[in-house]
$ cat data-v7.cif   # mmCIF, C-alpha atoms (C1' of nucleotides)
data_upload
loop_
_atom_site.label_atom_id
_atom_site.label_comp_id
_atom_site.auth_asym_id
_atom_site.auth_seq_id
_atom_site.Cartn_x
_atom_site.Cartn_y
_atom_site.Cartn_z
CA MET K 17 276.68 25.15 13.45
CA LYS K 18 275.71 21.79 12.02
CA PHE K 19 272.29 20.28 12.13
CA LYS K 20 273.68 17.76 14.56
CA ASP K 21 274.82 20.44 17.01
CA LYS K 22 271.53 22.28 16.70
CA VAL K 23 269.66 19.13 17.55
CA LEU K 24 271.83 18.47 20.58
CA LEU K 25 271.42 22.08 21.66
CA ALA K 26 267.66 21.94 21.28
CA VAL K 27 267.54 18.76 23.33
CA SER K 28 269.72 20.31 26.02
CA ARG K 29 267.21 23.16 26.13
CA ILE K 30 264.42 20.85 27.26
CA PRO K 31 263.46 21.82 30.82
CA LYS K 32 263.52 19.16 33.52
CA GLY K 33 260.27 17.36 34.06
CA LYS K 34 259.19 18.09 30.50
CA THR K 35 259.47 16.16 27.28
CA SER K 36 259.82 17.08 23.63
CA THR K 37 259.18 15.25 20.40
CA TYR K 38 261.65 14.44 17.66
CA LYS K 39 259.58 16.60 15.34
CA GLU K 40 259.85 19.53 17.71
CA ILE K 41 263.59 19.10 17.97
CA ALA K 42 263.92 18.89 14.21
CA ALA K 43 261.95 22.12 13.86
CA ARG K 44 264.19 23.70 16.50
CA ALA K 45 267.19 22.60 14.46
CA GLY K 46 265.73 24.29 11.40
CA ARG K 47 264.64 21.12 9.55
CA PRO K 48 261.08 20.23 10.63
CA LEU K 49 261.12 17.30 8.24
CA ALA K 50 264.40 15.90 9.47
CA TYR K 51 262.96 14.22 12.55
CA ARG K 52 264.40 11.04 11.04
CA ALA K 53 267.91 12.42 11.19
CA VAL K 54 267.26 13.67 14.74
CA GLY K 55 266.78 10.18 16.07
CA ASN K 56 269.71 8.95 14.05
CA ILE K 57 271.99 11.70 15.33
CA LEU K 58 270.97 11.23 18.95
CA SER K 59 271.62 7.52 18.63
CA ARG K 60 275.18 8.21 17.48
CA ASN K 61 275.84 11.13 19.80
CA TYR K 62 274.66 10.26 23.24
CA ASP K 63 276.39 12.95 25.30
CA LEU K 64 275.55 12.73 28.98
CA LYS K 65 275.19 16.49 28.83
CA ILE K 66 272.23 16.02 26.54
CA PRO K 67 268.95 14.91 28.17
CA CYS K 68 268.07 12.87 25.14
CA HIS K 69 265.85 10.76 27.40
CA ARG K 70 263.39 13.68 27.39
CA VAL K 71 262.80 13.24 23.70
CA VAL K 72 259.77 11.12 22.99
CA ARG K 73 257.69 10.28 19.96
CA SER K 74 254.80 12.44 18.77
CA ASN K 75 252.31 9.70 19.56
CA GLY K 76 253.38 9.75 23.22
CA GLN K 77 255.38 6.54 22.99
CA PRO K 78 258.73 6.61 24.86
CA GLY K 79 260.63 5.76 21.73
CA GLY K 80 264.12 4.36 22.19
CA TYR K 81 267.30 5.01 24.09
CA ASN K 82 270.97 4.21 23.57
CA ARG K 83 271.13 2.85 27.13
CA GLY K 84 267.91 0.87 26.79
CA ALA K 85 264.33 2.10 26.54
CA GLU K 86 263.64 0.83 30.07
CA ARG K 87 266.33 3.14 31.42
CA LYS K 88 264.80 6.07 29.55
CA ILE K 89 261.34 5.44 30.93
CA LEU K 90 262.77 5.09 34.41
CA VAL K 91 264.48 8.48 34.22
CA LEU K 92 261.35 10.13 32.87
CA LYS K 93 259.28 8.75 35.72
CA LYS K 94 261.89 9.97 38.17
CA GLU K 95 261.61 13.45 36.72
CA GLY K 96 257.89 13.39 37.20
CA VAL K 97 256.91 12.95 33.59
CA ARG K 98 253.52 11.35 33.17
CA LEU K 99 253.03 8.81 30.45
"C1'" DC Y 24 280.71 10.00 -4.39
"C1'" DG Y 25 276.82 6.61 -3.83
"C1'" DT Y 26 274.31 3.31 -0.92
"C1'" DA Y 27 272.29 1.88 3.27
"C1'" DT Y 28 270.59 2.90 7.81
"C1'" DG Y 29 267.87 4.77 11.88
"C1'" DA Y 30 265.85 6.50 19.00
"C1'" DC Y 31 260.32 8.82 13.22
"C1'" DG Y 32 255.70 10.43 11.24
"C1'" DT Y 33 251.66 10.01 8.58
"C1'" DG Y 34 248.28 7.63 5.84
"C1'" DC Y 35 245.38 3.85 4.82
"C1'" DA Y 36 243.17 -0.98 5.68
"C1'" DG D 19 242.35 1.46 18.46
"C1'" DT D 20 245.84 -1.56 16.04
"C1'" DG D 21 249.01 -2.92 12.26
"C1'" DC D 22 251.52 -2.37 7.83
"C1'" DA D 23 253.88 0.31 4.20
"C1'" DC D 24 255.89 4.37 2.38
"C1'" DG D 25 258.44 8.76 2.70
"C1'" DC D 26 261.61 11.81 4.63
"C1'" DC D 27 266.48 13.87 6.25
"C1'" DA D 28 271.29 13.80 7.93
"C1'" DT D 29 275.11 10.80 9.08
"C1'" DA D 30 278.32 6.85 8.52
"C1'" DC D 31 280.96 3.76 5.64
#

$ encode --input "data-v7.cif" --output "C-alpha coordinates"
Amino acid sequence: MKFKDKVLLAVSRIPKGKTSTYKEIAARAGRPLAYRAVGNILSRNYDLKIPCHRVVRSNGQPGGYNRGAERKILVLKKEGVRL
DNA sequence: CGTATGACGTGCA
DNA sequence: GTGCACGCCATAC
(Lines of atoms letter the chains of each structure in order from A and count residues from 1; the text may use other names and numbers.)
(Lines give C-alpha, C1' and ligand atoms only; values in the text may rest on other atoms or scores of the structure.)
Protein backbone atom coordinates (compact mmCIF):
# COMPACT_ATOMS: atom_id res chain seq x y z
CA MET A 1 0.00 0.00 0.00
CA LYS A 2 1.58 3.24 -1.12
CA PHE A 3 1.11 6.57 0.52
CA LYS A 4 -0.83 7.59 -2.55
CA ASP A 5 -3.33 4.75 -2.17
CA LYS A 6 -3.69 5.41 1.54
CA VAL A 7 -4.51 9.01 0.83
CA LEU A 8 -7.10 8.09 -1.76
CA LEU A 9 -8.57 5.54 0.62
CA ALA A 10 -8.74 8.03 3.46
CA VAL A 11 -10.48 10.52 1.19
CA SER A 12 -12.95 7.90 0.04
CA ARG A 13 -13.71 7.27 3.71
CA ILE A 14 -15.01 10.81 4.18
CA PRO A 15 -18.75 10.59 4.88
CA LYS A 16 -21.14 12.55 2.70
CA GLY A 17 -21.98 15.99 3.94
CA LYS A 18 -18.71 16.18 5.86
CA THR A 19 -15.32 17.56 5.00
CA SER A 20 -11.76 16.71 5.95
CA THR A 21 -8.51 18.59 5.86
CA TYR A 22 -5.36 17.72 3.97
CA LYS A 23 -3.59 17.40 7.29
CA GLU A 24 -6.17 14.92 8.51
CA ILE A 25 -5.82 12.87 5.35
CA ALA A 26 -2.05 12.91 5.63
CA ALA A 27 -2.31 11.66 9.21
CA ARG A 28 -4.73 8.97 8.03
CA ALA A 29 -2.16 7.96 5.43
CA GLY A 30 0.47 7.64 8.14
CA ARG A 31 2.43 10.82 7.30
CA PRO A 32 0.92 13.74 9.26
CA LEU A 33 3.56 16.03 7.81
CA ALA A 34 2.97 15.01 4.24
CA TYR A 35 -0.11 17.16 3.73
CA ARG A 36 1.89 18.74 0.91
CA ALA A 37 2.13 15.45 -0.91
CA VAL A 38 -1.57 14.82 -0.27
CA GLY A 39 -2.62 17.80 -2.32
CA ASN A 40 -0.07 16.93 -4.96
CA ILE A 41 -1.26 13.33 -5.20
CA LEU A 42 -4.93 14.27 -5.36
CA SER A 43 -4.16 16.74 -8.11
CA ARG A 44 -2.56 13.98 -10.19
CA ASN A 45 -5.03 11.25 -9.27
CA TYR A 46 -8.50 12.60 -9.52
CA ASP A 47 -10.53 9.38 -9.51
CA LEU A 48 -14.25 10.01 -9.66
CA LYS A 49 -14.53 7.32 -7.01
CA ILE A 50 -12.66 9.61 -4.65
CA PRO A 51 -14.66 12.51 -3.15
CA CYS A 52 -11.61 14.71 -3.22
CA HIS A 53 -13.97 17.70 -3.25
CA ARG A 54 -14.60 17.00 0.44
CA VAL A 55 -11.02 17.79 1.27
CA VAL A 56 -10.56 21.37 2.37
CA ARG A 57 -7.81 23.39 3.96
CA SER A 58 -7.28 23.57 7.72
CA ASN A 59 -8.16 27.25 7.75
CA GLY A 60 -11.61 26.47 6.32
CA GLN A 61 -10.78 27.69 2.83
CA PRO A 62 -12.13 25.48 0.01
CA GLY A 63 -8.69 24.99 -1.42
CA GLY A 64 -8.48 23.85 -5.02
CA TYR A 65 -9.93 21.30 -7.37
CA ASN A 66 -8.80 19.61 -10.57
CA ARG A 67 -12.15 20.49 -12.17
CA GLY A 68 -12.11 24.07 -10.90
CA ALA A 69 -12.52 25.39 -7.36
CA GLU A 70 -15.96 26.73 -8.26
CA ARG A 71 -17.11 23.21 -9.10
CA LYS A 72 -15.79 21.95 -5.77
CA ILE A 73 -17.60 24.60 -3.78
CA LEU A 74 -20.78 23.90 -5.70
CA VAL A 75 -20.66 20.20 -4.84
CA LEU A 76 -19.96 20.93 -1.19
CA LYS A 77 -22.94 23.24 -0.99
CA LYS A 78 -25.08 20.60 -2.64
CA GLU A 79 -24.03 18.11 0.01
CA GLY A 80 -25.05 20.51 2.71
CA VAL A 81 -21.60 21.54 3.82
CA ARG A 82 -21.54 24.93 5.46
CA LEU A 83 -18.69 27.27 4.73
C1' DC B 1 19.61 9.53 -9.40
C1' DG B 2 18.81 14.61 -8.68
C1' DT B 3 15.89 18.69 -9.35
C1' DA B 4 11.60 21.00 -9.45
C1' DT B 5 6.78 21.18 -8.32
C1' DG B 6 2.19 21.38 -5.80
C1' DA B 7 -5.29 21.17 -4.44
C1' DC B 8 -0.65 23.00 2.23
C1' DG B 9 0.46 24.71 7.10
C1' DT B 10 2.51 27.65 10.38
C1' DG B 11 4.94 31.69 11.94
C1' DC B 12 5.86 36.48 11.95
C1' DA B 13 5.16 41.59 10.46
C1' DG C 1 -7.78 39.96 10.35
C1' DT C 2 -4.59 40.14 6.23
C1' DG C 3 -0.27 39.26 3.64
C1' DC C 4 4.42 37.34 2.87
C1' DA C 5 8.08 33.84 3.39
C1' DC C 6 9.79 29.47 4.73
C1' DG C 7 9.43 24.45 5.49
C1' DC C 8 7.71 20.04 4.64
C1' DC C 9 6.64 15.33 1.95
C1' DA C 10 5.71 12.30 -2.04
C1' DT C 11 5.44 12.18 -7.03
C1' DA C 12 6.85 13.22 -11.84
C1' DC C 13 10.38 13.99 -15.27

$ interface_residues --input "data-v7.cif" --of "chain D" --to "chain K" --cutoff "10 Å" --atoms "all atoms listed in the file" --output "list in words"
DC26, DC27, DA28, DT29 and DA30 of chain D

$ atom_distance --input "data-v7.cif" --atom1 "atom CA of Tyr62 of chain K" --atom2 "atom CA of Val23 of chain K"
11.7 Å

$ resolve_selection --input "data-v7.cif" --expression "the PyMOL selection byres ((chain Y) within 12 of (chain K))" --output "list in words"
DT28, DG29, DA30, DC31, DG32 and DT33 of chain Y

$ resolve_selection --input "data-v7.cif" --expression "the PyMOL selection byres ((chain Y and resi 35) around 10)" --output "list in words"
DT33, DG34 and DA36 of chain Y; DC22 and DA23 of chain D

$ atom_distance --input "data-v7.cif" --atom1 "atom C1' of DC24 of chain Y" --atom2 "atom CA of Leu24 of chain K"
27.8 Å

$ atom_distance --input "data-v7.cif" --atom1 "atom CA of Ser28 of chain K" --atom2 "atom CA of Pro67 of chain K"
5.9 Å
